[in-house]
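**Q** Got a file for you: query-v2.pdb, PDB, C-alpha atoms and all ligand atoms.
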```pdb
MODEL        1
ATOM      1  CA  MET B   1      12.202  10.979   8.776  1.00  0.00           C
ATOM      2  CA  TYR B   2       8.953   9.012   9.149  1.00  0.00           C
ATOM      3  CA  ASP B   3       5.860  10.951  10.301  1.00  0.00           C
ATOM      4  CA  HIS B   4       4.043   8.621  12.717  1.00  0.00           C
ATOM      5  CA  ASN B   5       0.892  10.720  12.380  1.00  0.00           C
ATOM      6  CA  ASN B   6       0.468  10.283   8.633  1.00  0.00           C
ATOM      7  CA  ILE B   7      -2.940   8.967   7.576  1.00  0.00           C
ATOM      8  CA  PHE B   8      -1.753   5.430   6.782  1.00  0.00           C
ATOM      9  CA  ALA B   9       0.043   5.145  10.137  1.00  0.00           C
ATOM     10  CA  ARG B  10      -3.273   6.090  11.746  1.00  0.00           C
ATOM     11  CA  ILE B  11      -5.115   3.459   9.679  1.00  0.00           C
ATOM     12  CA  LEU B  12      -2.542   0.868  10.808  1.00  0.00           C
ATOM     13  CA  ARG B  13      -3.246   1.822  14.449  1.00  0.00           C
ATOM     14  CA  ASP B  14      -7.027   1.605  13.779  1.00  0.00           C
ATOM     15  CA  GLU B  15      -7.393   5.261  14.743  1.00  0.00           C
ATOM     16  CA  ILE B  16      -9.287   5.968  11.546  1.00  0.00           C
ATOM     17  CA  PRO B  17     -11.398   3.532   9.531  1.00  0.00           C
ATOM     18  CA  ALA B  18     -10.441   1.891   6.241  1.00  0.00           C
ATOM     19  CA  LYS B  19     -12.195  -0.623   4.022  1.00  0.00           C
ATOM     20  CA  LYS B  20      -9.676  -3.430   4.479  1.00  0.00           C
ATOM     21  CA  VAL B  21      -9.169  -5.906   1.644  1.00  0.00           C
ATOM     22  CA  MET B  22      -6.436  -8.176   2.976  1.00  0.00           C
ATOM     23  CA  GLU B  23      -3.998  -8.319   5.866  1.00  0.00           C
ATOM     24  CA  THR B  24      -0.909 -10.438   6.548  1.00  0.00           C
ATOM     25  CA  ASP B  25       1.770 -10.247   9.232  1.00  0.00           C
ATOM     26  CA  TYR B  26       3.650  -7.654   7.145  1.00  0.00           C
ATOM     27  CA  THR B  27       1.176  -6.064   4.762  1.00  0.00           C
ATOM     28  CA  LEU B  28      -2.209  -4.319   4.773  1.00  0.00           C
ATOM     29  CA  ALA B  29      -4.405  -3.562   1.760  1.00  0.00           C
ATOM     30  CA  PHE B  30      -7.475  -1.311   1.743  1.00  0.00           C
ATOM     31  CA  HIS B  31      -9.665   0.565  -0.703  1.00  0.00           C
ATOM     32  CA  ASP B  32      -8.544   4.035  -1.735  1.00  0.00           C
ATOM     33  CA  ALA B  33     -10.969   6.542  -0.171  1.00  0.00           C
ATOM     34  CA  PHE B  34     -10.995   8.626  -3.380  1.00  0.00           C
ATOM     35  CA  PRO B  35     -10.837   5.991  -6.120  1.00  0.00           C
ATOM     36  CA  LYS B  36      -9.463   6.959  -9.535  1.00  0.00           C
ATOM     37  CA  ALA B  37     -10.507   3.636 -11.128  1.00  0.00           C
ATOM     38  CA  SER B  38     -13.406   1.222 -10.603  1.00  0.00           C
ATOM     39  CA  VAL B  39     -11.054  -0.953  -8.546  1.00  0.00           C
ATOM     40  CA  HIS B  40      -8.513   1.142  -6.632  1.00  0.00           C
ATOM     41  CA  ILE B  41      -6.752  -0.615  -3.766  1.00  0.00           C
ATOM     42  CA  LEU B  42      -3.716   0.551  -1.792  1.00  0.00           C
ATOM     43  CA  VAL B  43      -1.137  -1.924  -0.506  1.00  0.00           C
ATOM     44  CA  ILE B  44       1.138  -0.837   2.339  1.00  0.00           C
ATOM     45  CA  PRO B  45       3.804  -2.477   4.477  1.00  0.00           C
ATOM     46  CA  LYS B  46       2.944  -2.416   8.175  1.00  0.00           C
ATOM     47  CA  LYS B  47       6.392  -1.172   9.141  1.00  0.00           C
ATOM     48  CA  PRO B  48       7.252   2.532   8.722  1.00  0.00           C
ATOM     49  CA  TYR B  49       8.889   3.263   5.363  1.00  0.00           C
ATOM     50  CA  VAL B  50       8.462   6.566   3.542  1.00  0.00           C
ATOM     51  CA  THR B  51       9.662   5.763   0.036  1.00  0.00           C
ATOM     52  CA  PHE B  52      10.182   2.871  -2.365  1.00  0.00           C
ATOM     53  CA  HIS B  53      13.917   3.133  -1.683  1.00  0.00           C
ATOM     54  CA  ASP B  54      13.400   2.979   2.101  1.00  0.00           C
ATOM     55  CA  PHE B  55      11.333  -0.164   1.638  1.00  0.00           C
ATOM     56  CA  VAL B  56      13.550  -2.099  -0.752  1.00  0.00           C
ATOM     57  CA  SER B  57      16.803  -1.084   0.924  1.00  0.00           C
ATOM     58  CA  THR B  58      15.854  -1.647   4.577  1.00  0.00           C
ATOM     59  CA  ALA B  59      12.948  -4.139   4.780  1.00  0.00           C
ATOM     60  CA  GLU B  60      13.629  -7.839   5.376  1.00  0.00           C
ATOM     61  CA  ALA B  61      13.421 -10.019   2.253  1.00  0.00           C
ATOM     62  CA  GLU B  62      10.412 -11.803   3.779  1.00  0.00           C
ATOM     63  CA  GLU B  63       8.518  -8.502   4.098  1.00  0.00           C
ATOM     64  CA  ILE B  64       9.288  -7.497   0.513  1.00  0.00           C
ATOM     65  CA  LEU B  65       8.209 -10.882  -0.831  1.00  0.00           C
ATOM     66  CA  ASP B  66       5.026 -10.762   1.241  1.00  0.00           C
ATOM     67  CA  PHE B  67       4.221  -7.266  -0.084  1.00  0.00           C
ATOM     68  CA  TYR B  68       4.410  -8.314  -3.746  1.00  0.00           C
ATOM     69  CA  LYS B  69       2.751 -11.720  -3.206  1.00  0.00           C
ATOM     70  CA  THR B  70      -0.127  -9.970  -1.410  1.00  0.00           C
ATOM     71  CA  THR B  71      -0.431  -7.544  -4.322  1.00  0.00           C
ATOM     72  CA  ASP B  72      -0.629 -10.464  -6.744  1.00  0.00           C
ATOM     73  CA  VAL B  73      -3.284 -12.275  -4.649  1.00  0.00           C
ATOM     74  CA  ILE B  74      -5.417  -9.108  -4.636  1.00  0.00           C
ATOM     75  CA  VAL B  75      -5.019  -8.651  -8.402  1.00  0.00           C
ATOM     76  CA  ARG B  76      -6.141 -12.212  -9.039  1.00  0.00           C
ATOM     77  CA  SER B  77      -8.929 -12.282  -6.465  1.00  0.00           C
ATOM     78  CA  ASN B  78     -10.413  -9.141  -8.012  1.00  0.00           C
ATOM     79  CA  ASP B  79     -10.106 -10.778 -11.440  1.00  0.00           C
ATOM     80  CA  LEU B  80      -7.971  -7.934 -12.787  1.00  0.00           C
ATOM     81  CA  HIS B  81      -5.392 -10.136 -14.492  1.00  0.00           C
ATOM     82  CA  ASN B  82      -7.501 -10.925 -17.573  1.00  0.00           C
ATOM     83  CA  ALA B  83      -8.542  -7.383 -18.490  1.00  0.00           C
ATOM     84  CA  GLY B  84      -5.287  -5.793 -17.288  1.00  0.00           C
ATOM     85  CA  TYR B  85      -4.449  -3.352 -14.523  1.00  0.00           C
ATOM     86  CA  LYS B  86      -1.940  -0.750 -13.349  1.00  0.00           C
ATOM     87  CA  LEU B  87       0.449  -0.894 -10.396  1.00  0.00           C
ATOM     88  CA  GLN B  88       1.632   2.597  -9.433  1.00  0.00           C
ATOM     89  CA  ILE B  89       4.114   3.828  -6.835  1.00  0.00           C
ATOM     90  CA  ASN B  90       4.311   7.611  -6.470  1.00  0.00           C
ATOM     91  CA  THR B  91       7.527   8.750  -4.826  1.00  0.00           C
ATOM     92  CA  GLY B  92       8.344  12.137  -3.349  1.00  0.00           C
ATOM     93  CA  GLU B  93       6.886  15.528  -4.133  1.00  0.00           C
ATOM     94  CA  GLY B  94       7.857  15.426  -7.798  1.00  0.00           C
ATOM     95  CA  GLY B  95       6.354  11.943  -8.102  1.00  0.00           C
ATOM     96  CA  GLY B  96       3.006  13.007  -6.653  1.00  0.00           C
ATOM     97  CA  GLN B  97       3.317  11.165  -3.324  1.00  0.00           C
ATOM     98  CA  GLU B  98       0.800  12.718  -0.928  1.00  0.00           C
ATOM     99  CA  VAL B  99       0.963  10.247   1.933  1.00  0.00           C
ATOM    100  CA  PRO B 100       4.489   9.733   3.344  1.00  0.00           C
ATOM    101  CA  HIS B 101       4.116   6.016   4.033  1.00  0.00           C
ATOM    102  CA  PHE B 102       5.288   3.809   1.151  1.00  0.00           C
ATOM    103  CA  HIS B 103       2.337   2.386  -0.801  1.00  0.00           C
ATOM    104  CA  LEU B 104       1.423   0.794  -4.089  1.00  0.00           C
ATOM    105  CA  HIS B 105      -1.770   1.573  -6.007  1.00  0.00           C
ATOM    106  CA  ILE B 106      -3.592  -1.302  -7.717  1.00  0.00           C
ATOM    107  CA  MET B 107      -5.935   0.145 -10.342  1.00  0.00           C
ATOM    108  CA  GLY B 108      -8.243  -1.803 -12.585  1.00  0.00           C
ATOM    109  CA  ALA B 109     -10.839  -0.509 -15.024  1.00  0.00           C
TER     110      ALA B 109
HETATM  111  P1  LIG V 201      -0.273   9.103  -3.229  1.00  0.00           P
HETATM  112  O1  LIG V 201      -0.673  10.321  -3.975  1.00  0.00           O
HETATM  113  O2  LIG V 201       0.465   8.083  -4.065  1.00  0.00           O
HETATM  114  O3  LIG V 201       0.436   9.427  -1.919  1.00  0.00           O
HETATM  115  O4  LIG V 201      -1.622   8.365  -2.852  1.00  0.00           O
HETATM  116  C1  LIG V 201      -2.296   8.542  -1.663  1.00  0.00           C
HETATM  117  C2  LIG V 201      -3.679   7.959  -1.859  1.00  0.00           C
HETATM  118  O5  LIG V 201      -4.280   7.842  -0.580  1.00  0.00           O
HETATM  119  C3  LIG V 201      -4.607   8.792  -2.727  1.00  0.00           C
HETATM  120  O6  LIG V 201      -5.015   8.038  -3.859  1.00  0.00           O
HETATM  121  C4  LIG V 201      -5.773   9.121  -1.803  1.00  0.00           C
HETATM  122  O7  LIG V 201      -7.009   9.083  -2.466  1.00  0.00           O
HETATM  123  C5  LIG V 201      -5.671   8.031  -0.742  1.00  0.00           C
HETATM  124  N1  LIG V 201      -6.193   8.353   0.570  1.00  0.00           N
HETATM  125  C6  LIG V 201      -6.081   9.520   1.247  1.00  0.00           C
HETATM  126  N2  LIG V 201      -6.676   9.417   2.451  1.00  0.00           N
HETATM  127  C7  LIG V 201      -7.144   8.142   2.538  1.00  0.00           C
HETATM  128  C8  LIG V 201      -7.867   7.411   3.550  1.00  0.00           C
HETATM  129  N3  LIG V 201      -8.201   7.961   4.716  1.00  0.00           N
HETATM  130  N4  LIG V 201      -8.202   6.124   3.278  1.00  0.00           N
HETATM  131  C9  LIG V 201      -7.875   5.562   2.103  1.00  0.00           C
HETATM  132  N5  LIG V 201      -7.214   6.191   1.121  1.00  0.00           N
HETATM  133  C10 LIG V 201      -6.856   7.469   1.332  1.00  0.00           C
ENDMDL
END
```
Take the structure in the file and give it back as structure tokens.
Ligand code: AMP

**A**
Amino acid sequence: MYDHNNIFARILRDEIPAKKVMETDYTLAFHDAFPKASVHILVIPKKPYVTFHDFVSTAEAEEILDFYKTTDVIVRSNDLHNAGYKLQINTGEGGGQEVPHFHLHIMGA
């Protein structure tokens, strides 16, 4: 069950501020408010999915492609591809997911 009051849902509705990096019809990216790396950007789909499985099993192919293409554009525009970077998806309580709206962390040193 999706919680429409989770913090990323509220960012998507512009109810709370975020430092936005990039936005498409399907995807929003913004800086993590508590960065764990010198570049730490979160990429989220605009539609309400809780987990990785929800996203890949129910989103349209166009949305999924847009999500990963957007991630790649951000990696390259922040020049992370030469030095290297991490992409991280935490899933569920055991996976350390704190915010119940599917998201991907881009982290570069
Ligand atoms: P996760 O543990 O994978 O659910 O990651 C959630 C991330 O959201 C953490 O890295 C938090 O630092 C980040 N976060 C929490 N609140 C906000 C916020 N208001 N704006 C941006 N990032 C946030």

**Q** Suppose you want the space between atom CA of Ser57 of chain B and atom O1 of ligand LIG 201 (chain V); what is it in Å?

**A**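 These atoms are spaced 21.4 Å apart.
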
**Q** What's around Phe52 of chain B at 7 Å? Count all atoms listed in the file, leave out sequence neighbours fewer than 4 positions away in its own chain, and write the answer as an MDAnalysis selection string.

**A** chainID B and resid 56 91 102

**Q** Got a sec to check which residues lie within 10 Å of ligand LIG 201 (chain V), using all atoms listed in the file, and send them as a short mmCIF file (atom, residue, chain, number, x, y, z; two decimals) with C-alpha atoms, in the coordinates of the input?

**A**
```
data_model
loop_
_atom_site.label_atom_id
_atom_site.label_comp_id
_atom_site.auth_asym_id
_atom_site.auth_seq_id
_atom_site.Cartn_x
_atom_site.Cartn_y
_atom_site.Cartn_z
CA ASN B 6 0.47 10.28 8.63
CA ILE B 7 -2.94 8.97 7.58
CA PHE B 8 -1.75 5.43 6.78
CA ARG B 10 -3.27 6.09 11.75
CA ILE B 11 -5.12 3.46 9.68
CA ILE B 16 -9.29 5.97 11.55
CA PRO B 17 -11.40 3.53 9.53
CA ALA B 18 -10.44 1.89 6.24
CA LYS B 19 -12.20 -0.62 4.02
CA LYS B 20 -9.68 -3.43 4.48
CA ALA B 29 -4.40 -3.56 1.76
CA PHE B 30 -7.48 -1.31 1.74
CA HIS B 31 -9.66 0.56 -0.70
CA ASP B 32 -8.54 4.04 -1.74
CA ALA B 33 -10.97 6.54 -0.17
CA PHE B 34 -11.00 8.63 -3.38
CA PRO B 35 -10.84 5.99 -6.12
CA LYS B 36 -9.46 6.96 -9.54
CA HIS B 40 -8.51 1.14 -6.63
CA ILE B 41 -6.75 -0.62 -3.77
CA LEU B 42 -3.72 0.55 -1.79
CA GLN B 88 1.63 2.60 -9.43
CA ILE B 89 4.11 3.83 -6.84
CA ASN B 90 4.31 7.61 -6.47
CA THR B 91 7.53 8.75 -4.83
CA GLY B 92 8.34 12.14 -3.35
CA GLU B 93 6.89 15.53 -4.13
CA GLY B 95 6.35 11.94 -8.10
CA GLY B 96 3.01 13.01 -6.65
CA GLN B 97 3.32 11.16 -3.32
CA GLU B 98 0.80 12.72 -0.93
CA VAL B 99 0.96 10.25 1.93
CA PRO B 100 4.49 9.73 3.34
CA HIS B 101 4.12 6.02 4.03
CA PHE B 102 5.29 3.81 1.15
CA HIS B 103 2.34 2.39 -0.80
CA LEU B 104 1.42 0.79 -4.09
CA HIS B 105 -1.77 1.57 -6.01
#
```

**Q** My list of candidates is B:Glu60, B:Val50, B:Ser38, B:Tyr68. Which is closest to Tyr85 of chain B when distances are computed with all atoms listed in the file?

**A** B:Ser38

**Q** Just how far from atom CA of Asp14 of chain B is atom CA of Phe55 of chain B, in Å to one decimal?

**A**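 Taking atom CA of Phe55 of chain B and atom CA of Asp14 of chain B, their separation equals 22.1 Å.
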
**Q** Which of these, B:Ile106, B:Val73, B:Ala37, B:Tyr2, has the shortest distance to Leu87 of chain B once you count all atoms listed in the file?

**A**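 Among the listed residues, the smallest separation from Leu87 of chain B belongs to B:Ile106.
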
**Q** Here is a test: counting all atoms listed in the file, which residue of B:Val39, B:Gly108, B:Thr58, B:Asp25 is nearest to Thr70 of chain B?

**A**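 For Thr70 of chain B, the nearest of the given residues is B:Asp25.
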
**Q** What's the 8 Å shell around Thr71 of chain B, counting only C-alpha atoms, without same-chain residues fewer than 4 positions away, as a ChimeraX atom specification?

**A** /B:43,67,75,106

**Q** Counting only C-alpha atoms, which residue out of B:Gly84, B:His4, B:Met22, B:Leu65 sits closest to Lys47 of chain B?

**A**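 Looking only at the distances to Lys47 of chain B, the closest residue turns out to be B:His4.
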
**Q** Which residue, B:Lys86, B:Ile74, B:Leu80, B:Met1, has the smallest gap to Asp54 of chain B when you use all atoms listed in the file?

**A**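 Between B:Lys86, B:Ile74, B:Leu80, B:Met1, the residue approaching Asp54 of chain B most closely is B:Met1.
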
**Q** Under the rule that only C-alpha atoms are counted, which of B:Asn78, B:Ile44, B:Ala83, B:Tyr26 is the nearest residue to Ala61 of chain B?

**A**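 Closest to Ala61 of chain B of all the choices is B:Tyr26.
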
**Q** In Å, how far is it from atom CA of Ala9 of chain B to atom CA of Asp66 of chain B?

**A**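 One can read the atom CA of Ala9 of chain B to atom CA of Asp66 of chain B distance as 18.9 Å.
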
**Q** Output, as AutoDock Vina command-line options, the centre and edge lengths in Å (one decimal) of the axis-aligned box that contains all listed atoms of segment 12-31 of chain B with 8 Å of margin on each side.

**A**
```
--center_x -4.3 --center_y -2.2 --center_z 7.0 --size_x 31.8 --size_y 32.4 --size_z 31.4
```
